[in-house]
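The file run_0.cif contains mmCIF, C-alpha atoms (C1' of nucleotides):
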```
data_data
loop_
_atom_site.label_atom_id
_atom_site.label_comp_id
_atom_site.auth_asym_id
_atom_site.auth_seq_id
_atom_site.Cartn_x
_atom_site.Cartn_y
_atom_site.Cartn_z
CA MET A 1 7.13 -7.33 -5.04
CA LEU A 2 5.73 -10.81 -4.45
CA GLU A 3 8.17 -12.31 -6.96
CA TYR A 4 11.16 -10.98 -5.04
CA ILE A 5 9.70 -12.12 -1.76
CA ILE A 6 9.30 -15.63 -3.14
CA ILE A 7 12.89 -15.78 -4.39
CA GLY A 8 14.09 -14.34 -1.09
CA MET A 9 12.30 -17.07 0.83
CA ALA A 10 13.48 -19.88 -1.47
CA LEU A 11 17.12 -18.74 -1.50
CA ASN A 12 18.46 -21.72 0.42
CA ASP A 13 16.14 -24.67 0.99
CA PRO A 14 13.69 -26.12 -1.54
CA LEU A 15 10.17 -25.15 -0.48
CA THR A 16 6.64 -25.89 -1.59
CA GLY A 17 4.25 -23.05 -2.39
CA TYR A 18 2.51 -23.85 0.84
CA ASP A 19 5.80 -23.58 2.76
CA ILE A 20 6.50 -20.20 1.21
CA LYS A 21 3.06 -19.00 2.25
CA LYS A 22 3.92 -20.06 5.81
CA TYR A 23 7.26 -18.29 5.69
CA ILE A 24 5.54 -15.12 4.52
CA GLU A 25 2.97 -15.42 7.29
CA ASN A 26 5.51 -16.02 10.03
CA GLY A 27 7.99 -13.47 8.78
CA ILE A 28 6.29 -10.50 7.20
CA SER A 29 2.54 -10.92 7.63
CA VAL A 30 2.61 -7.78 9.75
CA PHE A 31 3.23 -5.73 6.63
CA TYR A 32 2.63 -8.08 3.72
CA LYS A 33 -0.10 -10.55 2.92
CA ALA A 34 0.02 -13.03 0.07
CA SER A 35 -2.88 -15.08 -1.24
CA PHE A 36 -2.62 -18.44 -2.95
CA GLY A 37 -4.28 -16.87 -5.94
CA SER A 38 -1.22 -14.73 -6.51
CA LEU A 39 1.39 -17.11 -5.10
CA TYR A 40 0.93 -20.16 -7.33
CA PRO A 41 0.80 -18.30 -10.64
CA ALA A 42 3.91 -16.37 -9.54
CA LEU A 43 5.77 -19.63 -8.84
CA LYS A 44 4.91 -20.88 -12.31
CA LYS A 45 6.01 -17.62 -13.91
CA LEU A 46 9.29 -17.48 -11.99
CA THR A 47 10.10 -21.06 -12.99
CA GLU A 48 9.41 -20.25 -16.65
CA LYS A 49 11.70 -17.24 -16.41
CA GLY A 50 14.44 -19.40 -14.96
CA TYR A 51 14.62 -17.76 -11.55
CA LEU A 52 13.37 -20.85 -9.74
CA THR A 53 13.85 -24.57 -10.26
CA MET A 54 10.98 -26.91 -9.60
CA THR A 55 11.39 -30.55 -8.61
CA GLU A 56 8.37 -32.75 -8.08
CA GLN A 57 8.39 -35.29 -5.34
CA GLN A 58 5.95 -38.03 -4.48
CA GLN A 59 5.10 -38.26 -0.79
CA GLY A 60 2.62 -41.05 -0.17
CA ASN A 61 -0.29 -40.34 -2.43
CA ARG A 62 0.56 -36.69 -2.67
CA GLN A 63 2.52 -34.90 -5.38
CA LYS A 64 4.53 -31.99 -4.01
CA LYS A 65 6.40 -29.31 -5.93
CA PHE A 66 9.57 -27.95 -4.40
CA TYR A 67 10.92 -24.62 -5.56
CA GLN A 68 14.40 -23.19 -5.10
CA ALA A 69 16.17 -20.08 -6.37
CA THR A 70 18.56 -20.53 -9.30
CA GLU A 71 21.80 -18.56 -9.69
CA GLU A 72 19.94 -16.17 -11.99
CA GLY A 73 17.21 -15.85 -9.41
CA LYS A 74 19.77 -14.95 -6.76
CA ILE A 75 21.28 -12.36 -9.08
CA ILE A 76 18.04 -10.49 -9.78
CA PHE A 77 17.14 -10.77 -6.10
CA ASP A 78 20.44 -9.15 -5.13
CA GLU A 79 19.93 -6.45 -7.76
CA TRP A 80 16.51 -5.65 -6.35
CA LEU A 81 17.87 -5.66 -2.81
CA ALA A 82 20.65 -3.24 -3.73
CA LEU A 83 18.16 -0.82 -5.34
CA PRO A 84 17.50 2.18 -3.04
CA VAL A 85 14.60 1.95 -0.60
CA ASP A 86 12.10 4.27 -2.24
CA LEU A 87 10.19 6.68 0.00
CA ASN A 88 7.49 6.79 -2.68
CA ASP A 89 6.70 3.15 -1.98
CA THR A 90 4.31 2.32 0.82
CA THR A 91 5.67 1.91 4.34
CA GLU A 92 4.88 -1.76 4.01
CA SER A 93 6.86 -2.46 0.85
CA ARG A 94 9.82 -0.54 2.22
CA LEU A 95 9.80 -2.82 5.25
CA VAL A 96 9.74 -5.87 2.99
CA LYS A 97 13.07 -4.84 1.47
CA ILE A 98 14.69 -4.06 4.80
CA TYR A 99 13.48 -7.44 6.07
CA PHE A 100 15.93 -9.03 3.63
CA PHE A 101 18.86 -6.77 4.50
CA ASP A 102 20.59 -9.57 6.39
CA ASN A 103 21.37 -11.00 2.95
CA LEU A 104 23.28 -7.90 1.92
CA SER A 105 27.04 -7.34 2.26
CA SER A 106 27.73 -4.91 5.07
CA GLU A 107 29.08 -2.32 2.60
CA THR A 108 25.99 -2.31 0.39
CA ARG A 109 23.80 -2.37 3.47
CA ASP A 110 25.52 0.64 4.99
CA ARG A 111 25.26 2.50 1.70
CA GLN A 112 21.55 1.66 1.54
CA LEU A 113 20.90 2.80 5.10
CA ARG A 114 22.89 6.01 4.66
CA GLU A 115 20.99 6.82 1.49
CA TYR A 116 17.63 6.00 3.03
CA GLU A 117 18.45 8.19 6.02
CA LEU A 118 19.47 11.05 3.75
CA ASN A 119 16.28 10.74 1.71
CA ASN A 120 14.26 10.82 4.90
CA VAL A 121 16.11 13.93 6.09
CA ASN A 122 15.42 15.69 2.79
CA TYR A 123 11.81 14.62 2.85
CA LEU A 124 11.48 15.86 6.42
CA ARG A 125 12.66 19.29 5.28
CA LYS A 126 9.98 19.30 2.58
CA LEU A 127 7.27 18.36 5.07
CA GLU A 128 8.46 20.96 7.56
CA LEU A 129 8.21 23.59 4.83
CA LEU A 130 4.66 22.48 4.14
CA GLU A 131 3.93 22.64 7.85
CA LYS A 132 5.17 26.21 8.01
CA GLN A 133 2.83 27.19 5.16
CA PHE A 134 -0.21 25.66 6.77
CA ASP A 135 0.77 27.05 10.14
CA GLU A 136 0.36 30.59 8.85
CA MET A 137 -3.22 30.00 7.73
CA PRO A 138 -6.17 31.22 9.80
CA ASN A 139 -9.07 28.92 10.82
CA LYS A 140 -6.67 25.99 11.16
CA ASP A 141 -9.17 24.28 13.40
CA ASP A 142 -11.54 23.72 10.46
CA PHE A 143 -9.12 21.17 9.06
CA TYR A 144 -7.51 19.88 12.23
CA PHE A 145 -7.67 16.27 11.04
CA LYS A 146 -6.50 17.05 7.54
CA LEU A 147 -3.49 18.75 9.10
CA SER A 148 -3.03 15.95 11.62
CA THR A 149 -1.98 13.59 8.84
CA LEU A 150 0.86 15.95 7.96
CA TYR A 151 2.06 16.00 11.55
CA TYR A 152 1.78 12.24 11.70
CA GLY A 153 3.89 12.07 8.55
CA ILE A 154 6.55 14.30 10.06
CA ARG A 155 6.64 12.22 13.21
CA ILE A 156 7.02 8.99 11.26
CA ILE A 157 9.83 10.40 9.12
CA GLN A 158 11.58 11.42 12.34
CA GLU A 159 11.20 7.86 13.54
CA ASN A 160 12.58 6.55 10.24
CA ILE A 161 15.69 8.66 10.70
CA GLU A 162 16.17 7.43 14.25
CA TRP A 163 15.69 3.88 13.06
CA CYS A 164 18.26 4.27 10.27
CA LYS A 165 20.83 5.60 12.73
CA HIS A 166 20.04 2.78 15.10
CA LEU A 167 20.50 0.12 12.42
CA GLN A 168 23.70 1.63 11.08
CA GLU A 169 25.24 1.56 14.54
CA HIS A 170 23.89 -1.97 15.02
CA LYS A 171 22.54 -0.98 18.42
CA PRO A 172 20.42 -3.46 20.42
CA LEU A 173 16.93 -3.46 18.93
CA LYS A 174 15.30 -3.34 22.33
CA ASP A 175 16.65 0.16 22.77
CA PHE A 176 14.56 1.35 19.85
CA ILE A 177 11.25 0.73 21.59
CA GLY A 178 10.12 1.71 25.02
CA ARG A 179 12.11 4.91 25.11
CA LYS A 180 9.07 6.94 25.96
CA ILE A 181 9.67 9.82 28.35
CA MET B 1 -10.27 3.96 -2.33
CA LEU B 2 -9.93 6.48 -5.17
CA GLU B 3 -13.71 6.61 -5.60
CA TYR B 4 -14.20 7.71 -2.00
CA ILE B 5 -11.42 10.24 -2.28
CA ILE B 6 -13.06 11.75 -5.35
CA ILE B 7 -16.44 12.06 -3.66
CA GLY B 8 -14.76 13.47 -0.57
CA MET B 9 -13.08 16.16 -2.64
CA ALA B 10 -16.23 17.03 -4.62
CA LEU B 11 -18.48 17.22 -1.57
CA ASN B 12 -19.08 20.96 -1.77
CA ASP B 13 -17.97 22.78 -4.89
CA PRO B 14 -18.29 21.49 -8.47
CA LEU B 15 -14.83 20.51 -9.68
CA THR B 16 -13.26 19.33 -12.90
CA GLY B 17 -11.24 16.13 -13.01
CA TYR B 18 -8.18 18.28 -13.26
CA ASP B 19 -9.20 20.23 -10.15
CA ILE B 20 -9.67 17.01 -8.21
CA LYS B 21 -6.21 15.86 -9.24
CA LYS B 22 -4.86 19.14 -7.84
CA TYR B 23 -6.78 18.72 -4.61
CA ILE B 24 -5.36 15.25 -4.22
CA GLU B 25 -1.85 16.50 -4.92
CA ASN B 26 -2.07 19.39 -2.48
CA GLY B 27 -3.87 17.47 0.22
CA ILE B 28 -2.77 13.85 0.32
CA SER B 29 0.03 13.38 -2.21
CA VAL B 30 2.29 12.51 0.73
CA PHE B 31 0.46 9.21 1.12
CA TYR B 32 -1.70 8.84 -1.98
CA LYS B 33 -1.00 9.34 -5.66
CA ALA B 34 -3.66 9.35 -8.36
CA SER B 35 -3.06 9.20 -12.08
CA PHE B 36 -5.35 10.60 -14.78
CA GLY B 37 -5.63 7.09 -16.14
CA SER B 38 -7.50 6.05 -13.03
CA LEU B 39 -9.16 9.37 -12.26
CA TYR B 40 -11.16 9.98 -15.42
CA PRO B 41 -12.64 6.49 -15.74
CA ALA B 42 -13.55 6.69 -12.03
CA LEU B 43 -15.40 9.97 -12.59
CA LYS B 44 -17.37 8.40 -15.41
CA LYS B 45 -18.20 5.35 -13.32
CA LEU B 46 -19.27 7.40 -10.29
CA THR B 47 -21.54 9.52 -12.45
CA GLU B 48 -23.15 6.42 -13.95
CA LYS B 49 -23.70 5.06 -10.45
CA GLY B 50 -25.38 8.29 -9.44
CA TYR B 51 -22.85 9.35 -6.83
CA LEU B 52 -21.73 12.37 -8.82
CA THR B 53 -23.51 14.83 -11.09
CA MET B 54 -21.76 16.14 -14.15
CA THR B 55 -22.50 19.49 -15.74
CA GLU B 56 -20.70 20.56 -18.86
CA GLN B 57 -19.72 24.14 -19.31
CA GLN B 58 -18.25 25.96 -22.25
CA GLN B 59 -15.38 28.27 -21.36
CA GLY B 60 -14.08 30.00 -24.46
CA ASN B 61 -13.19 27.24 -26.86
CA ARG B 62 -12.89 24.70 -24.09
CA GLN B 63 -15.44 22.23 -22.86
CA LYS B 64 -15.13 21.58 -19.13
CA LYS B 65 -16.89 18.95 -17.06
CA PHE B 66 -17.74 19.82 -13.50
CA TYR B 67 -18.45 17.08 -11.00
CA GLN B 68 -20.19 17.32 -7.66
CA ALA B 69 -21.32 14.77 -5.09
CA THR B 70 -25.03 13.87 -5.08
CA GLU B 71 -26.98 13.10 -1.91
CA GLU B 72 -26.43 9.41 -2.57
CA GLY B 73 -22.75 10.09 -3.03
CA LYS B 74 -22.59 11.85 0.30
CA ILE B 75 -24.37 8.94 1.95
CA ILE B 76 -21.98 6.26 0.75
CA PHE B 77 -19.06 8.56 1.53
CA ASP B 78 -20.32 8.96 5.12
CA GLU B 79 -20.83 5.21 5.38
CA TRP B 80 -17.27 4.59 4.28
CA LEU B 81 -15.97 7.26 6.65
CA ALA B 82 -17.83 5.73 9.60
CA LEU B 83 -16.39 2.28 8.87
CA PRO B 84 -13.57 1.45 11.32
CA VAL B 85 -10.02 2.35 10.35
CA ASP B 86 -8.61 -1.07 9.55
CA LEU B 87 -5.11 -1.88 10.80
CA ASN B 88 -4.87 -4.45 8.02
CA ASP B 89 -4.94 -1.66 5.46
CA THR B 90 -1.70 0.05 4.57
CA THR B 91 -0.54 3.01 6.65
CA GLU B 92 -1.27 5.18 3.65
CA SER B 93 -4.89 4.21 3.16
CA ARG B 94 -5.56 4.58 6.87
CA LEU B 95 -4.25 8.12 6.65
CA VAL B 96 -6.57 8.83 3.73
CA LYS B 97 -9.58 8.08 5.87
CA ILE B 98 -8.38 10.11 8.83
CA TYR B 99 -7.69 12.99 6.43
CA PHE B 100 -11.46 13.26 5.96
CA PHE B 101 -12.31 13.04 9.67
CA ASP B 102 -13.14 16.76 9.79
CA ASN B 103 -16.32 15.79 7.92
CA LEU B 104 -17.43 13.46 10.71
CA SER B 105 -19.71 14.36 13.60
CA SER B 106 -17.71 14.63 16.79
CA GLU B 107 -19.49 11.59 18.27
CA THR B 108 -18.72 9.29 15.36
CA ARG B 109 -15.21 10.68 15.20
CA ASP B 110 -14.56 10.02 18.87
CA ARG B 111 -15.95 6.51 18.50
CA GLN B 112 -13.66 5.95 15.54
CA LEU B 113 -10.59 7.22 17.34
CA ARG B 114 -11.34 5.24 20.49
CA GLU B 115 -11.79 2.09 18.45
CA TYR B 116 -8.66 2.70 16.41
CA GLU B 117 -6.69 3.29 19.60
CA LEU B 118 -8.04 0.09 21.14
CA ASN B 119 -7.17 -1.92 18.03
CA ASN B 120 -3.68 -0.51 18.15
CA VAL B 121 -3.33 -1.42 21.81
CA ASN B 122 -4.44 -4.98 21.12
CA TYR B 123 -2.15 -5.22 18.13
CA LEU B 124 0.73 -3.91 20.23
CA ARG B 125 0.15 -6.74 22.69
CA LYS B 126 0.33 -9.25 19.84
CA LEU B 127 3.58 -7.79 18.55
CA GLU B 128 5.09 -7.69 22.04
CA LEU B 129 4.27 -11.37 22.41
CA LEU B 130 6.02 -12.06 19.12
CA GLU B 131 8.96 -10.01 20.31
CA LYS B 132 9.23 -12.07 23.46
CA GLN B 133 9.32 -15.28 21.40
CA PHE B 134 12.08 -14.04 19.12
CA ASP B 135 13.96 -12.61 22.05
CA GLU B 136 14.44 -16.06 23.52
CA MET B 137 16.08 -17.41 20.39
CA PRO B 138 19.85 -17.80 20.13
CA ASN B 139 21.89 -16.36 17.23
CA LYS B 140 19.57 -13.37 17.03
CA ASP B 141 22.29 -11.44 15.27
CA ASP B 142 21.89 -13.61 12.16
CA PHE B 143 18.54 -11.98 11.50
CA TYR B 144 19.10 -8.58 13.04
CA PHE B 145 17.38 -6.81 10.13
CA LYS B 146 14.52 -9.26 9.92
CA LEU B 147 13.90 -8.60 13.60
CA SER B 148 14.39 -4.86 13.15
CA THR B 149 11.17 -4.66 11.15
CA LEU B 150 9.28 -6.08 14.12
CA TYR B 151 10.76 -3.47 16.43
CA TYR B 152 9.96 -0.77 13.89
CA GLY B 153 6.39 -2.05 13.82
CA ILE B 154 6.12 -1.90 17.60
CA ARG B 155 7.48 1.63 17.64
CA ILE B 156 5.01 2.78 14.99
CA ILE B 157 2.07 1.21 16.81
CA GLN B 158 3.18 3.06 19.93
CA GLU B 159 3.19 6.27 17.90
CA ASN B 160 -0.28 5.46 16.56
CA ILE B 161 -1.58 5.15 20.11
CA GLU B 162 0.01 8.45 21.12
CA TRP B 163 -1.46 10.07 18.03
CA CYS B 164 -4.96 8.73 18.76
CA LYS B 165 -4.82 10.12 22.30
CA HIS B 166 -3.55 13.41 20.97
CA LEU B 167 -6.36 13.72 18.44
CA GLN B 168 -9.06 12.72 20.91
CA GLU B 169 -7.95 15.42 23.30
CA HIS B 170 -7.69 17.84 20.40
CA LYS B 171 -4.26 18.94 21.57
CA PRO B 172 -2.21 21.34 19.46
CA LEU B 173 -0.70 19.40 16.58
CA LYS B 174 2.68 21.02 17.03
CA ASP B 175 3.04 19.20 20.33
CA PHE B 176 2.97 15.88 18.51
CA ILE B 177 6.27 16.47 16.72
CA GLY B 178 9.59 17.65 18.03
CA ARG B 179 9.19 16.05 21.41
CA LYS B 180 12.50 14.28 21.14
CA ILE B 181 14.48 14.05 24.37
"C1'" DG C 1 -15.56 -40.22 10.37
"C1'" DA C 2 -15.41 -35.25 11.10
"C1'" DG C 3 -12.75 -31.34 11.27
"C1'" DG C 4 -8.64 -29.13 10.52
"C1'" DC C 5 -4.60 -28.57 8.16
"C1'" DC C 6 -1.78 -29.65 3.90
"C1'" DA C 7 -1.46 -28.79 -1.01
"C1'" DT C 8 -2.37 -27.00 -5.71
"C1'" DG C 9 -4.61 -24.56 -8.71
"C1'" DT C 10 -8.26 -21.57 -11.87
"C1'" DA C 11 -11.49 -17.70 -13.23
"C1'" DA C 12 -13.53 -13.42 -12.73
"C1'" DA C 13 -13.33 -9.15 -11.08
"C1'" DC C 14 -11.11 -5.14 -9.32
"C1'" DT C 15 -7.91 -1.43 -9.09
"C1'" DG C 16 -4.55 0.77 -10.77
"C1'" DT C 17 -0.27 2.34 -13.74
"C1'" DT C 18 2.12 3.82 -17.93
"C1'" DA C 19 2.15 5.46 -22.22
"C1'" DC C 20 -0.15 7.50 -25.74
"C1'" DA C 21 -3.17 10.95 -28.04
"C1'" DT C 22 -5.22 15.43 -28.59
"C1'" DG C 23 -5.95 20.13 -28.22
"C1'" DA C 24 -6.82 24.87 -25.59
"C1'" DT C 25 -5.10 28.62 -22.69
"C1'" DT C 26 -1.79 31.31 -20.35
"C1'" DT C 27 2.54 33.41 -19.43
"C1'" DG C 28 7.27 34.82 -20.08
"C1'" DC D 1 6.07 32.13 -30.22
"C1'" DA D 2 7.62 28.66 -27.12
"C1'" DA D 3 6.92 26.42 -22.94
"C1'" DA D 4 4.16 25.39 -19.20
"C1'" DT D 5 -0.05 24.36 -17.62
"C1'" DC D 6 -4.98 23.25 -18.28
"C1'" DA D 7 -8.08 19.63 -19.73
"C1'" DT D 8 -9.91 15.05 -21.17
"C1'" DG D 9 -9.52 10.78 -22.41
"C1'" DT D 10 -8.08 5.61 -24.24
"C1'" DA D 11 -5.45 1.13 -24.52
"C1'" DA D 12 -2.42 -2.15 -22.96
"C1'" DC D 13 -0.78 -4.14 -19.27
"C1'" DA D 14 0.19 -5.46 -14.39
"C1'" DG D 15 -0.73 -7.22 -10.05
"C1'" DT D 16 -3.75 -8.65 -7.00
"C1'" DT D 17 -8.03 -10.41 -4.37
"C1'" DT D 18 -12.00 -13.37 -3.79
"C1'" DA D 19 -14.34 -17.23 -4.59
"C1'" DC D 20 -14.38 -21.55 -6.27
"C1'" DA D 21 -12.75 -26.39 -7.00
"C1'" DT D 22 -10.33 -30.52 -5.77
"C1'" DG D 23 -8.33 -33.90 -3.00
"C1'" DG D 24 -4.83 -36.04 0.51
"C1'" DC D 25 -3.21 -36.53 5.37
"C1'" DC D 26 -3.66 -36.46 10.42
"C1'" DT D 27 -5.70 -36.49 14.80
"C1'" DC D 28 -9.40 -36.73 18.09
#
```
As structure tokens, please, write out the structure in this file.
Amino acid sequence: MLEYIIIGMALNDPLTGYDIKKYIENGISVFYKASFGSLYPALKKLTEKGYLTMTEQQQGNRQKKFYQATEEGKIIFDEWLALPVDLNDTTESRLVKIYFFDNLSSETRDRQLREYELNNVNYLRKLELLEKQFDEMPNKDDFYFKLSTLYYGIRIIQENIEWCKHLQEHKPLKDFIGRKI
Amino acid sequence: MLEYIIIGMALNDPLTGYDIKKYIENGISVFYKASFGSLYPALKKLTEKGYLTMTEQQQGNRQKKFYQATEEGKIIFDEWLALPVDLNDTTESRLVKIYFFDNLSSETRDRQLREYELNNVNYLRKLELLEKQFDEMPNKDDFYFKLSTLYYGIRIIQENIEWCKHLQEHKPLKDFIGRKI
DNA sequence: GAGGCCATGTAAACTGTTACATGATTTG
DNA sequence: CAAATCATGTAACAGTTTACATGGCCTC
């Protein structure tokens, strides 16, 4: 995950590891946190693999390393981006991919969103089936909180579907929040 | 995380590793997946630490190992359960903890839910501030999808708050879903 | 000149996955 | 009797965090 995030951040301008950390913090810190301990080794690895170029630059008494995505880096980034958003991944890693959807062609993006919506609809059906099973049980109150996580899940999947529709129609984002009754 | 889940599952009846896997699948597979490769070593480790007891039993030609939480195991499980639900954790691991909330005393549970709600409210304020900043920028359409993740986040936090209120009032779970306009 | 930010990195530990390996029991 | 499920485990690898270590630059 982190490797793709790094390439995605260094797609255009050459950036230092420290810059990339900043970009991650300002852009996706809500759902993804990167530590230097994982960032710097990843930069080294990606450069060795040929997905990033590194150019050193002296600034005063300080040696900085600037990284930028190579053509190959862009290719594997695009491949990753075009891979379906997997409902088995955590909410957070799914959001990471959608964060980069501006980079996608509108055709691929629409395909992705349609597929994600469909997967959510199918998953919702599965959860609703589960709900029906539990609903028939007696002494439901003994596991009210256990059950509550299922209902939370259903609610979130419903939200996902609404969100997908919203994004496909390119509706104003403000309309997605604050529509409480 | 897995260690607490295991203890939480083996709180009452003695269970085999295989049983625990089943419990995890039937109860929390929606947001947590455990593999045997992590489960069995964890059982061994927890037994060594004294949080589980293991009793072997011959059944036909098969040697089964039954695990059950010790008093010490129950204590550290309760400690973990009483620790605040951390918004920095993934959605999924937060749900794991709430799944076990039936085990909590109603006082601790209410404290937990109140605190979680408050943290969500504060977090919502932070995100709304962020939203305001981005809203003032020109060419917002160039990062429509980047921004969409922020709006998704706000929406989910709003849902979290609704959910917390719902659970505190012990309202019927069915009322939490299907309240679309 | 002290404190905070800029900048790069390493080492140990932790947590987990995937694939492999083995064999018993049950059910169609 | 074959296939599915029950049952337990190991080994290699992957990805990450936390803590440590070092030093330059900037601003009050």
Requested in this report: Run the PyMOL selection byres ((chain D) within 9 of (chain A)) mentally over the shown coordinates, then write out the matched residues as a PyMOL selection string, using the chain letters and numbers from the document.
Outcome: chain D and resi 15-18+24-25
**Report entry** Residues matched by the PyMOL selection byres ((chain A) within 9 of (chain B)) as a PyMOL selection string
**Finding:** chain A and resi 27-28+30-31+88+90-92+95-96+98-102+127+142-156+158-160+163+167+170+173-174+176-178+181
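You will find atom CA of Pro84 of chain A at 27.7 Å from atom CA of Tyr67 of chain A.
Atom to atom, atom CA of Ala69 of chain A and atom CA of Leu11 of chain A stand 5.1 Å apart.
Residue selection for this entry, given the PyMOL selection byres ((chain B and resi 10) around 9), comprises Ile5, Ile6, Ile7, Gly8, Met9, Leu11, Asn12, Asp13, Pro14, Leu15, Ile20, Leu52, Tyr67, Gln68 and Ala69 of chain B.
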Requested in this report: Identify the residues within 12 Å of coordinate (-8.2, -37.8, 17.8) (same frame as the file), considering all atoms listed in the file, and give the answer as a PyMOL selection string.
Outcome: (chain C and resi 1-4) or (chain D and resi 26-28)
Query - Between atom CA of Phe77 of chain B and atom CA of Gln58 of chain B - distance in Å to one decimal - result: 29.5 Å
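What chain A places within 8 Å of chain C, counting only C-alpha atoms (C1' of nucleotides), is Tyr18, Tyr40 and Lys64 of chain A.
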Requested in this report: Compile the contact shell of Gln168 of chain B as a count of residues only: residues with an atom at most 10 Å away, counting only C-alpha atoms (C1' of nucleotides), same-chain residues fewer than 3 positions apart removed.
Outcome: 12
